[in-house]
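Student: What follows is query06.txt; its format and atoms are compact mmCIF, C-alpha atoms.
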# COMPACT_ATOMS: atom_id res chain seq x y z
CA MET A 24 81.11 152.25 105.22
CA ASP A 25 80.28 148.78 106.52
CA ASP A 26 80.37 147.69 110.15
CA ARG A 27 83.57 145.75 109.69
CA LEU A 28 85.42 148.86 108.57
CA ARG A 29 83.85 150.95 111.30
CA GLU A 30 84.95 148.40 113.85
CA THR A 31 88.48 148.73 112.49
CA LEU A 32 88.21 152.48 112.84
CA SER A 33 87.05 152.00 116.42
CA ALA A 34 90.08 149.78 117.05
CA MET A 35 92.30 152.51 115.60
CA MET A 36 90.84 154.87 118.20
CA ASP A 37 92.21 152.48 120.84
CA ASP A 38 95.56 151.81 119.19
CA GLN A 39 94.49 148.26 118.50
CA ALA A 40 94.50 148.09 114.73
CA ASP A 41 97.32 146.53 112.75
CA GLU A 42 98.94 148.08 109.70
CA LEU A 43 96.88 146.10 107.25
CA ALA A 44 93.69 147.27 108.88
CA VAL A 45 94.84 150.89 108.81
CA ARG A 46 95.67 150.54 105.15
CA ARG A 47 92.20 149.17 104.49
CA VAL A 48 90.63 152.15 106.22
CA LEU A 49 92.78 154.64 104.34
CA SER A 50 92.07 153.04 101.00
CA HIS A 51 88.31 153.10 101.45
CA PRO A 52 86.80 155.03 98.52
CA ASP A 53 84.61 157.19 100.72
CA GLN A 54 87.20 159.01 102.79
CA GLN A 55 84.72 161.67 103.76
CA ALA A 56 82.62 159.05 105.57
CA VAL A 57 85.75 157.75 107.28
CA ARG A 58 86.72 161.25 108.39
CA GLU A 59 83.22 162.07 109.64
CA GLN A 60 82.96 158.91 111.71
CA TRP A 61 86.45 159.35 113.13
CA GLN A 62 85.72 162.95 114.00
CA ARG A 63 82.46 162.09 115.76
CA TRP A 64 84.08 159.44 117.90
CA GLN A 65 86.99 161.78 118.71
CA ARG A 66 84.49 164.41 119.80
CA ILE A 67 82.68 161.93 122.00
CA ARG A 68 86.02 161.12 123.58
CA ASP A 69 86.71 164.83 124.02
CA VAL A 70 83.43 165.21 125.86
CA ILE A 71 84.13 162.18 128.05
CA HIS A 72 87.52 163.59 129.01
CA GLU A 73 86.23 167.12 129.27
CA ALA A 74 88.64 168.41 126.70
CA PRO A 75 87.65 171.87 125.60
CA HIS A 76 86.61 172.08 122.03
CA GLY A 77 84.90 175.38 121.91
CA ASP A 78 81.29 176.15 121.28
CA ALA A 79 81.41 175.04 117.66
CA GLY A 80 84.17 172.48 117.95
CA VAL A 81 87.65 172.93 116.55
CA ASP A 82 87.86 171.89 112.92
CA VAL A 83 90.88 173.06 111.00
CA ARG A 84 91.20 169.99 108.81
CA ALA A 85 89.82 171.55 105.63
CA ALA A 86 91.90 174.70 106.11
CA VAL A 87 95.07 172.65 106.66
CA ARG A 88 94.34 170.68 103.51
CA ASP A 89 93.78 173.82 101.47
CA SER A 90 96.98 175.33 102.74
CA LEU A 91 99.02 172.25 101.90
CA ASP A 92 97.38 171.95 98.47
CA ARG A 93 98.14 175.59 97.70
CA ALA A 94 101.75 175.16 98.77
CA ALA A 95 102.10 172.04 96.63
CA ASP A 96 100.59 173.82 93.59
CA ALA A 97 102.89 176.79 94.09
CA GLU A 98 105.90 174.48 94.26
CA VAL A 99 104.92 172.74 91.02
CA ALA A 100 104.37 176.07 89.28
CA GLN A 101 107.73 177.36 90.47
CA ARG A 102 109.53 174.25 89.21
CA ARG A 103 107.83 174.61 85.85
CA THR A 104 108.93 178.26 85.61
CA ILE A 105 112.53 177.41 86.47
CA ARG A 106 112.55 174.63 83.92
CA ARG A 107 111.16 176.93 81.22
CA ARG A 108 113.70 179.63 82.07
CA HIS A 109 116.65 177.28 81.81
CA ALA A 110 115.43 175.31 78.82
CA PRO A 111 117.14 177.43 76.07
CA TRP A 112 120.42 177.47 77.98
CA ARG A 113 120.12 173.80 78.62
CA TRP A 114 119.82 172.99 74.94
CA SER A 115 122.77 175.25 74.08
CA ALA A 116 124.86 173.49 76.69
CA VAL A 117 123.79 170.10 75.35
CA ALA A 118 124.70 171.16 71.81
CA MET A 119 128.11 172.44 72.88
CA ILE A 120 128.87 169.28 74.77
CA ALA A 121 127.76 167.15 71.83
CA LEU A 122 129.97 169.17 69.50
CA GLY A 123 132.92 168.83 71.82
CA VAL A 124 132.40 165.09 72.12
CA ALA A 125 132.07 164.76 68.35
CA VAL A 126 135.26 166.74 67.76
CA GLY A 127 137.07 164.79 70.42
CA PHE A 128 135.96 161.48 68.99
CA GLY A 129 136.72 162.73 65.54
CA ALA A 130 140.24 163.70 66.54
CA GLY A 131 140.81 160.44 68.36
CA SER A 132 139.22 158.09 65.86
CA GLY A 133 140.68 160.10 63.00
CA TRP A 134 144.15 159.29 64.24
CA GLU A 135 143.29 155.62 64.58
CA VAL A 136 141.86 155.29 61.11
CA MET A 137 144.60 157.26 59.46
CA SER A 138 147.54 155.73 61.29
CA GLU A 139 146.70 152.09 60.63
CA GLY A 140 147.16 150.78 57.16
CA SER A 141 147.13 154.22 55.57
CA PRO A 142 147.50 154.37 51.84
CA ASP A 143 150.80 155.84 50.72
CA HIS A 144 149.47 159.16 49.64
CA LEU A 145 148.27 159.92 53.14
CA VAL A 146 151.61 159.46 54.87
CA PRO A 147 153.56 162.69 55.41
CA VAL A 148 156.44 162.81 53.01
CA GLN A 149 159.12 163.65 55.56
CA ALA A 150 158.01 160.94 57.96
CA GLN A 151 157.53 158.23 55.39
CA ALA A 152 161.07 157.01 55.02
CA PRO A 153 162.00 156.80 58.68
CA ALA A 154 158.64 155.14 59.58
CA ALA A 155 159.04 152.58 56.84
CA ALA A 156 162.61 151.97 57.86
CA SER A 157 162.03 151.59 61.59
CA GLY A 158 158.70 149.71 61.26
CA THR A 159 156.86 152.24 63.51
CA VAL A 160 153.27 153.25 62.91
CA PRO A 161 153.23 155.84 60.11
CA GLU A 162 152.18 159.37 61.01
CA VAL A 163 148.91 160.87 60.07
CA ALA A 164 148.74 161.64 56.39
CA ILE A 165 148.39 165.29 55.50
CA GLN A 166 148.26 165.20 51.78
CA GLY A 167 149.33 168.03 49.56
CA LEU A 168 149.51 170.74 52.22
CA ASN A 169 152.16 173.40 52.28
CA GLU A 170 154.04 174.43 55.36
CA ARG A 171 151.71 177.26 56.29
CA GLN A 172 148.60 175.08 55.92
CA ARG A 173 150.11 172.32 57.95
CA GLU A 174 150.93 174.80 60.65
CA GLN A 175 147.37 176.12 60.67
CA ILE A 176 145.79 172.72 60.84
CA SER A 177 148.10 171.54 63.55
CA ARG A 178 147.27 174.65 65.59
CA TYR A 179 143.57 174.00 65.08
CA LEU A 180 143.82 170.37 66.09
CA LEU A 181 145.93 171.24 69.10
CA GLU A 182 143.34 173.69 70.33
CA HIS A 183 140.57 171.14 70.02
CA ALA A 184 142.57 168.43 71.65
CA GLN A 185 143.33 170.81 74.48
CA TYR A 186 139.64 171.50 74.84
CA ASN A 187 138.78 167.84 74.85
CA SER A 188 141.47 166.94 77.31
CA ILE A 189 139.74 168.97 79.98
CA GLY A 190 137.74 166.51 82.01
CA ALA A 191 137.94 163.76 79.39
CA GLY A 192 139.64 160.51 80.29
CA HIS A 193 141.28 159.94 76.98
CA GLY A 194 141.62 163.57 75.98
CA ALA A 195 145.29 163.62 76.85
CA LEU A 196 145.79 160.79 74.38
CA GLY A 197 144.35 162.94 71.64
CA TYR A 198 146.56 165.78 72.77
CA ALA A 199 149.60 163.57 72.66
CA ARG A 200 148.76 162.39 69.16
CA VAL A 201 148.22 165.94 67.96
CA THR A 202 151.67 167.01 69.03
CA SER A 203 153.02 164.42 66.65
CA VAL A 204 151.47 166.29 63.71
CA SER A 205 154.30 168.73 63.96
CA GLY A 206 156.26 166.03 62.25
CA GLN A 207 158.48 164.85 65.03
CA GLY A 208 156.82 161.48 65.37
CA TYR A 209 157.98 158.92 67.87
CA MET B 25 79.56 166.19 137.92
CA ILE B 26 78.42 162.65 137.59
CA MET B 27 81.25 161.79 135.26
CA SER B 28 83.87 163.06 137.68
CA GLU B 29 82.28 161.10 140.48
CA ARG B 30 82.30 158.03 138.33
CA ARG B 31 85.98 158.50 137.65
CA GLN B 32 86.71 158.78 141.34
CA SER B 33 84.66 155.80 142.41
CA GLY B 34 85.61 153.72 139.37
CA PRO B 35 83.41 152.48 136.61
CA ALA B 36 80.15 150.78 137.43
CA VAL B 37 81.26 147.41 136.15
CA GLN B 38 80.07 144.01 137.27
CA LEU B 39 83.29 142.10 137.38
CA LYS B 40 83.52 138.37 137.46
CA GLU B 41 85.87 136.71 139.90
CA ALA B 42 89.48 137.43 139.04
CA PRO B 43 91.00 134.65 136.98
CA ALA B 44 93.67 132.47 138.54
CA GLY B 45 97.28 133.41 137.87
CA PRO B 46 98.93 136.79 137.77
CA ILE B 47 97.03 139.59 136.15
CA MET B 48 99.28 141.90 134.24
CA LYS B 49 99.45 145.26 135.94
CA PRO B 50 98.51 147.88 133.41
CA ASP B 51 101.34 150.03 132.23
CA ALA B 52 101.45 153.41 133.93
CA GLU B 53 100.92 155.11 130.62
CA GLN B 54 97.90 153.00 129.88
CA THR B 55 96.08 153.56 133.15
CA ARG B 56 95.57 157.16 132.15
CA PRO B 57 92.56 156.98 129.90
CA ASN B 58 93.77 159.96 127.98
CA ALA B 59 97.30 158.78 127.14
CA PRO B 60 98.05 159.49 123.49
CA ASP B 61 98.04 156.41 121.32
CA GLY B 62 101.30 155.19 119.87
CA GLN B 63 100.78 152.49 117.32
CA THR B 64 97.98 154.09 115.34
CA ASP B 65 99.76 157.43 115.28
CA LEU B 66 102.96 155.87 113.97
CA GLN B 67 101.06 154.01 111.29
CA LEU B 68 99.31 157.18 110.22
CA VAL B 69 102.57 159.14 110.27
CA ARG B 70 104.18 156.49 108.08
CA LYS B 71 101.35 156.73 105.57
CA ALA B 72 101.41 160.52 105.67
CA ARG B 73 105.13 160.42 104.86
CA GLN B 74 104.28 158.42 101.76
CA GLY B 75 102.01 161.26 100.70
CA ASP B 76 98.73 159.87 102.02
CA ARG B 77 96.81 163.02 102.92
CA SER B 78 93.91 161.03 104.33
CA ALA B 79 96.21 159.63 106.97
CA PHE B 80 97.28 163.12 107.97
CA ASP B 81 93.64 164.23 108.00
CA LEU B 82 92.92 161.63 110.67
CA LEU B 83 95.81 162.91 112.77
CA VAL B 84 94.51 166.46 112.44
CA LEU B 85 91.02 165.41 113.45
CA LYS B 86 92.39 163.52 116.40
CA TYR B 87 94.59 166.24 117.84
CA GLN B 88 93.17 169.54 116.66
CA SER B 89 91.20 170.06 119.82
CA ARG B 90 94.18 169.49 122.06
CA VAL B 91 96.48 171.64 119.95
CA ALA B 92 93.95 174.46 120.05
CA SER B 93 93.76 174.05 123.77
CA ILE B 94 97.54 174.35 124.17
CA ILE B 95 97.73 177.42 121.98
CA SER B 96 94.88 179.04 123.85
CA ARG B 97 97.11 179.13 126.93
CA TYR B 98 99.19 181.73 125.11
CA ILE B 99 96.72 183.42 122.82
CA TYR B 100 93.40 184.82 123.89
CA ASP B 101 91.80 185.62 120.59
CA SER B 102 89.83 182.60 119.35
CA GLN B 103 90.37 183.38 115.66
CA GLU B 104 94.11 183.62 116.20
CA VAL B 105 93.98 180.33 118.09
CA MET B 106 92.32 178.70 115.07
CA ASP B 107 94.86 180.21 112.68
CA LEU B 108 97.78 179.07 114.78
CA THR B 109 96.27 175.61 115.19
CA GLN B 110 96.11 175.40 111.43
CA GLU B 111 99.68 176.67 111.13
CA THR B 112 100.87 174.05 113.64
CA PHE B 113 99.51 171.23 111.53
CA VAL B 114 100.88 172.68 108.32
CA LYS B 115 104.32 172.90 109.93
CA ALA B 116 103.96 169.37 111.27
CA TYR B 117 103.14 168.03 107.81
CA ARG B 118 106.12 169.79 106.27
CA ALA B 119 108.42 168.48 108.99
CA ILE B 120 106.95 165.01 109.17
CA GLU B 121 110.02 163.45 107.57
CA ARG B 122 112.01 164.65 110.56
CA PHE B 123 109.78 162.93 113.11
CA ARG B 124 111.93 160.07 114.28
CA GLY B 125 109.48 158.35 116.63
CA ASP B 126 111.70 158.88 119.69
CA SER B 127 108.78 160.48 121.45
CA ALA B 128 105.06 160.10 120.97
CA PHE B 129 103.70 161.91 117.94
CA TYR B 130 101.57 164.08 120.16
CA THR B 131 104.57 165.19 122.20
CA TRP B 132 106.33 166.23 119.01
CA LEU B 133 103.21 168.02 117.81
CA TYR B 134 102.84 169.67 121.16
CA ARG B 135 106.32 171.20 120.86
CA ILE B 136 105.49 172.57 117.43
CA ALA B 137 102.28 174.09 118.81
CA VAL B 138 104.06 175.76 121.71
CA ASN B 139 106.80 177.14 119.46
CA THR B 140 104.25 178.40 116.98
CA ALA B 141 102.38 180.25 119.70
CA LYS B 142 105.56 181.71 121.21
CA ASN B 143 106.89 182.81 117.84
CA PHE B 144 103.61 184.47 117.09
CA LEU B 145 103.72 186.41 120.31
CA GLU B 146 107.35 187.41 119.85
CA ALA B 147 106.61 188.60 116.33
CA ARG B 148 103.91 190.82 117.76
CA GLY B 149 106.25 192.10 120.41
CA ARG B 150 104.39 190.30 123.15
CA ARG B 151 106.01 188.09 125.73
CA PRO B 152 104.62 184.58 126.08
CA GLN B 153 102.39 184.54 129.13
CA GLY B 154 101.81 181.01 130.24
CA VAL B 155 104.18 178.15 130.66
CA ALA B 156 103.30 174.84 129.11
CA ASP B 157 105.97 172.21 129.43
CA VAL B 158 106.23 168.91 127.67
CA ALA B 159 104.81 167.01 130.62
CA ASP B 160 101.56 168.77 129.92
CA ALA B 161 101.50 167.05 126.57
CA GLU B 162 100.43 163.87 128.27
CA SER B 163 97.67 165.52 130.19
CA TYR B 164 94.40 165.58 128.40
CA GLU B 165 92.71 168.02 130.69
CA ASP B 166 94.45 171.03 129.30
CA GLY B 167 91.56 173.22 130.31
CA GLY B 168 92.82 176.02 128.17
CA ARG B 169 91.53 179.46 127.66
CA LEU B 170 89.53 178.24 124.73
CA ARG B 171 86.97 177.18 127.24
CA GLU B 172 86.92 180.62 128.78
CA VAL B 173 86.36 182.42 125.53
CA ALA B 174 83.56 180.11 124.51
CA SER B 175 80.16 181.69 124.39
CA PRO B 176 77.47 181.02 127.01
CA GLU B 177 75.61 179.12 124.32
CA GLY B 178 78.70 177.01 123.87
CA PHE B 179 78.84 176.20 127.55
CA LEU B 180 75.20 175.27 127.56
CA GLN B 181 75.63 173.09 124.53
CA ARG B 182 78.57 171.34 126.12
CA ASP B 183 76.62 170.69 129.31
CA GLN B 184 73.75 169.29 127.33
CA LEU B 185 76.13 167.13 125.40
CA ARG B 186 77.63 165.75 128.58
CA GLU B 187 74.23 165.04 129.99
CA ALA B 188 73.19 163.26 126.84
CA LEU B 189 76.43 161.29 126.90
CA GLU B 190 75.85 160.09 130.44
CA LYS B 191 72.35 159.01 129.53
CA ALA B 192 73.61 157.18 126.47
CA ILE B 193 76.28 155.33 128.47
CA GLY B 194 73.72 154.47 131.14
CA ALA B 195 71.41 153.04 128.51
CA LEU B 196 74.02 150.64 127.17
CA PRO B 197 73.67 146.93 127.81
CA GLU B 198 75.85 145.88 130.73
CA GLU B 199 78.44 143.98 128.71
CA LEU B 200 78.96 146.88 126.31
CA ARG B 201 79.10 149.45 129.07
CA SER B 202 81.72 147.50 131.05
CA ALA B 203 84.06 147.18 128.10
CA PHE B 204 83.56 150.81 127.09
CA LEU B 205 84.19 152.22 130.55
CA LEU B 206 87.27 150.11 131.13
CA ARG B 207 88.65 151.42 127.88
CA GLU B 208 87.63 155.06 128.00
CA TYR B 209 87.89 155.77 131.70
CA GLU B 210 90.54 153.36 132.87
CA GLY B 211 92.59 153.36 129.70
CA LEU B 212 93.08 149.62 129.76
CA SER B 213 94.24 147.73 126.71
CA TYR B 214 91.95 145.27 124.96
CA GLU B 215 94.10 142.49 126.34
CA ASP B 216 93.63 143.59 129.92
CA ILE B 217 89.93 144.15 129.44
CA ALA B 218 89.63 140.68 127.94
CA ARG B 219 91.34 139.24 130.99
CA ILE B 220 89.10 141.15 133.39
CA LEU B 221 85.89 140.36 131.57
CA GLU B 222 87.04 136.86 130.74
CA CYS B 223 86.26 137.01 127.10
CA PRO B 224 88.30 136.96 123.89
CA ILE B 225 90.01 140.13 122.67
CA GLY B 226 87.86 140.07 119.54
CA THR B 227 84.76 140.23 121.73
CA VAL B 228 86.17 143.22 123.60
CA ARG B 229 86.87 144.94 120.33
CA SER B 230 83.38 144.26 119.07
CA ARG B 231 81.71 145.40 122.31
CA ILE B 232 83.62 148.66 122.44
CA PHE B 233 82.74 149.36 118.84
CA ARG B 234 79.06 148.64 119.42
CA ALA B 235 79.08 150.85 122.51
CA ARG B 236 80.61 153.73 120.57
CA ASP B 237 78.18 153.20 117.77
CA ALA B 238 75.18 153.25 120.12
CA ILE B 239 76.41 156.41 121.87
CA ASP B 240 77.08 158.05 118.53
CA ARG B 241 73.56 157.32 117.34
CA GLN B 242 72.09 158.74 120.54
CA LEU B 243 74.20 161.87 120.44
CA GLY B 244 74.11 162.14 116.66
CA PRO B 245 71.88 165.19 116.21
CA MET B 246 73.65 167.07 119.00
CA LEU B 247 77.09 166.38 117.53
CA ASP B 248 75.89 167.48 114.12
CA ASN B 249 74.51 170.74 115.42
CA SER B 250 77.42 171.68 117.64
For the structure just supplied, provide its representation as structure tokens.
Tutor:
Amino acid sequence: MDDRLRETLSAMMDDQADELAVRRVLSHPDQQAVREQWQRWQRIRDVIHEAPHGDAGVDVRAAVRDSLDRAADAEVAQRRTIRRRHAPWRWSAVAMIALGVAVGFGAGSGWEVMSEGSPDHLVPVQAQAPAAASGTVPEVAIQGLNERQREQISRYLLEHAQYNSIGAGHGALGYARVTSVSGQGY
Amino acid sequence: MIMSERRQSGPAVQLKEAPAGPIMKPDAEQTRPNAPDGQTDLQLVRKARQGDRSAFDLLVLKYQSRVASIISRYIYDSQEVMDLTQETFVKAYRAIERFRGDSAFYTWLYRIAVNTAKNFLEARGRRPQGVADVADAESYEDGGRLREVASPEGFLQRDQLREALEKAIGALPEELRSAFLLREYEGLSYEDIARILECPIGTVRSRIFRARDAIDRQLGPMLDNS
């Protein structure tokens, strides 16, 4: 530690060092030398002011450091354990959310794709005439399905739209579109 | 003791004639040579908050003696005093984000020390014996029980250290001694010392450093062995 730095340390003892100087002291590579010098000067001051420091001096610095280091290590280890414990659940949750989003998008975008410019064979038979006549957007095509199958699929889509509508901004839109599968149309 | 006498009669300083114009009266806080520093502590606290352990180390080294002294007013066992001193600093580090700077860092630390000692006693079913209020935080001469439980060898060592210190101060060149005494015994700022000694602040800073350095070299072996 050179004299310039030690003079800064001395100024710190007297509250006369600016922030830049303090930073220079704290960034010195040999912090042990800094600590030793600081401690010696503090002890000299203690003697001048007759502060009791015991027969061997009070020195808890190393013990304080150890204690803080141990606490920090324990905290890191605990966080790692919690992360490991929740990792499988986290991935399951991510997968479920991704599936829900995919289904929701699928339901929504499926309606878009199928309702605009659909080829004839995709338009429901019973809705075709009125849609063509009134100029409204044709309903979703459900080709070649009997009544029972149409009922099943509409129930399935309704359930998924319901699921997606929870917490999703446009989920209600999908829900609204799904209700039209029942054949009522707009 | 010679040091006490010196304090009463004032430092042996050859002062030049007072400069013309008003001399700033030292702040009440500053006239006490043992008033806890403010600026350096705040800077170190700020760095400690950023995770700089070296900064906190310097705070520990600065105040550990005083904290131990406070705790020793409540606790008689020297090992327990050391443990609780350690615990005080650990608590202070953990709570350092909550230190707002309304009071001096040492005052805040002092409260933690007192609470730590009291809690320890209450946990052991013992009532806290002494009373140490916040005003005591500013007083350096805590004179705690730590002194009383020190060994006879410890007392002897301390006396020898004091004697060596007086010799070392006496051996300093006049200009260094004046600056050093005005700082350490009168608690004057560098600015005030510069005004009294009629020299630049940088010169005051340099002289005080060289005085400390010279004393440290003289006392060196004794400080290492104690």
Student: Here's a test: counting only C-alpha atoms, identify every protein, DNA and RNA residue with an atom at most 9 Å from (99.3, 167.3, 104.1) in the file's coordinate frame, and state them as a ChimeraX atom specification.
Tutor: /A:87-92 /B:72,75-81,113-114,116-118
Student: Out of B:Leu85, B:Leu66, B:Ile120, B:Leu196, which residue has the shortest atom-to-atom distance to chain A when counting all atoms listed in the file?
Tutor: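 Comparing B:Leu85, B:Leu66, B:Ile120, B:Leu196 against chain A, the winner is B:Leu85.
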Student: What's the separation between CA of Arg207 (chain B) and CA of Ile193 (chain B), in Å to one decimal place?
Tutor: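 Atom-to-atom, CA of Arg207 (chain B) to CA of Ile193 (chain B), that is 13.0 Å.
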Student: Mind giving me the straight-line distance from CA of Arg106 (chain A) to CA of Ala118 (chain A) in Å, one decimal?
Tutor: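 These atoms are spaced 17.5 Å apart.
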Student: Please build the interface table for chain A against chain B with a cut-off of 9 Å, listing for each qualifying residue the nearest atom pair and the distance in Å to one decimal; count all atoms listed in the file, order rows by chain and increasing number, and write it as CSV.
Tutor:
residue,atom,partner,partner_atom,distance
A:Arg29,CA,B:Phe233,CA,7.8
A:Glu30,CA,B:Phe233,CA,5.5
A:Thr31,CA,B:Phe233,CA,8.6
A:Leu32,CA,B:Phe233,CA,8.7
A:Ser33,CA,B:Phe233,CA,5.6
A:Ala34,CA,B:Arg229,CA,6.7
A:Met35,CA,B:Thr64,CA,5.9
A:Met36,CA,B:Thr64,CA,7.7
A:Asp37,CA,B:Asp61,CA,7.0
A:Asp38,CA,B:Thr64,CA,5.1
A:Gln39,CA,B:Thr64,CA,7.5
A:Ala40,CA,B:Thr64,CA,7.0
A:Asp41,CA,B:Thr64,CA,8.0
A:Glu42,CA,B:Gln67,CA,6.5
A:Val45,CA,B:Gln67,CA,7.4
A:Arg46,CA,B:Lys71,CA,8.4
A:Leu49,CA,B:Ser78,CA,6.5
A:Ser50,CA,B:Ser78,CA,8.8
A:Gln54,CA,B:Ser78,CA,7.2
A:Val57,CA,B:Leu82,CA,8.8
A:Arg58,CA,B:Leu82,CA,6.6
A:Trp61,CA,B:Leu82,CA,7.3
A:Gln62,CA,B:Leu85,CA,5.9
A:Arg63,CA,B:Leu247,CA,7.1
A:Trp64,CA,B:Asp240,CA,7.2
A:Gln65,CA,B:Lys86,CA,6.1
A:Arg66,CA,B:Leu247,CA,8.0
A:Ile67,CA,B:Asp240,CA,7.6
A:Arg68,CA,B:Glu208,CA,7.7
A:Asp69,CA,B:Ser89,CA,8.1
A:Val70,CA,B:Arg186,CA,6.4
A:Ile71,CA,B:Arg186,CA,7.4
A:His72,CA,B:Glu165,CA,7.0
A:Glu73,CA,B:Glu165,CA,6.7
A:Ala74,CA,B:Glu165,CA,5.7
A:Pro75,CA,B:Arg171,CA,5.6
A:His76,CA,B:Ser89,CA,5.5
A:Gly77,CA,B:Ala174,CA,5.6
A:Asp78,CA,B:Gly178,CA,3.8
A:Ala79,CA,B:Ser250,CA,5.2
A:Gly80,CA,B:Ser250,CA,6.8
A:Val81,CA,B:Ser89,CA,5.6
A:Asp82,CA,B:Gln88,CA,6.9
A:Val83,CA,B:Gln110,CA,5.7
A:Arg84,CA,B:Val84,CA,6.0
A:Ala85,CA,B:Asp81,CA,8.6
A:Ala86,CA,B:Gln110,CA,6.8
A:Val87,CA,B:Gln110,CA,5.6
A:Arg88,CA,B:Asp81,CA,7.9
A:Ser90,CA,B:Val114,CA,7.3
A:Leu91,CA,B:Val114,CA,6.7
Student: Restrict the output to region 195-213 of chain B and N, CA and C atoms, then write it as a compact mmCIF listing (two decimals), in the first residue's frame.
Tutor:
# COMPACT_ATOMS: atom_id res chain seq x y z
N ALA B 195 8.01 12.61 20.78
CA ALA B 195 9.16 12.58 19.88
C ALA B 195 8.84 13.14 18.50
N LEU B 196 7.58 13.47 18.26
CA LEU B 196 7.21 13.99 16.94
C LEU B 196 7.77 15.38 16.72
N PRO B 197 8.11 15.69 15.48
CA PRO B 197 8.47 17.09 15.17
C PRO B 197 7.29 18.00 15.51
N GLU B 198 7.59 19.22 15.91
CA GLU B 198 6.59 20.15 16.41
C GLU B 198 5.39 20.31 15.48
N GLU B 199 5.67 20.49 14.20
CA GLU B 199 4.56 20.75 13.26
C GLU B 199 3.62 19.55 13.15
N LEU B 200 4.20 18.35 13.23
CA LEU B 200 3.35 17.15 13.15
C LEU B 200 2.55 16.98 14.45
N ARG B 201 3.23 17.22 15.55
CA ARG B 201 2.58 17.05 16.84
C ARG B 201 1.40 17.99 17.00
N SER B 202 1.58 19.25 16.61
CA SER B 202 0.50 20.25 16.73
C SER B 202 -0.73 19.79 15.98
N ALA B 203 -0.52 19.44 14.73
CA ALA B 203 -1.67 19.03 13.90
C ALA B 203 -2.35 17.80 14.50
N PHE B 204 -1.54 16.84 14.92
CA PHE B 204 -2.08 15.59 15.46
C PHE B 204 -2.87 15.83 16.74
N LEU B 205 -2.35 16.63 17.63
CA LEU B 205 -3.04 16.88 18.89
C LEU B 205 -4.33 17.66 18.69
N LEU B 206 -4.29 18.63 17.81
CA LEU B 206 -5.51 19.40 17.53
C LEU B 206 -6.60 18.50 16.95
N ARG B 207 -6.18 17.52 16.21
CA ARG B 207 -7.16 16.60 15.63
C ARG B 207 -7.65 15.58 16.66
N GLU B 208 -6.69 14.90 17.31
CA GLU B 208 -7.07 13.78 18.16
C GLU B 208 -7.61 14.19 19.53
N TYR B 209 -7.07 15.28 20.05
CA TYR B 209 -7.50 15.68 21.39
C TYR B 209 -8.58 16.75 21.38
N GLU B 210 -8.49 17.64 20.42
CA GLU B 210 -9.49 18.71 20.36
C GLU B 210 -10.60 18.42 19.38
N GLY B 211 -10.40 17.42 18.54
CA GLY B 211 -11.46 17.05 17.61
C GLY B 211 -11.76 18.08 16.55
N LEU B 212 -10.78 18.93 16.25
CA LEU B 212 -11.02 19.97 15.25
C LEU B 212 -10.96 19.39 13.84
N SER B 213 -11.69 20.05 12.95
CA SER B 213 -11.67 19.62 11.55
C SER B 213 -10.36 20.08 10.91
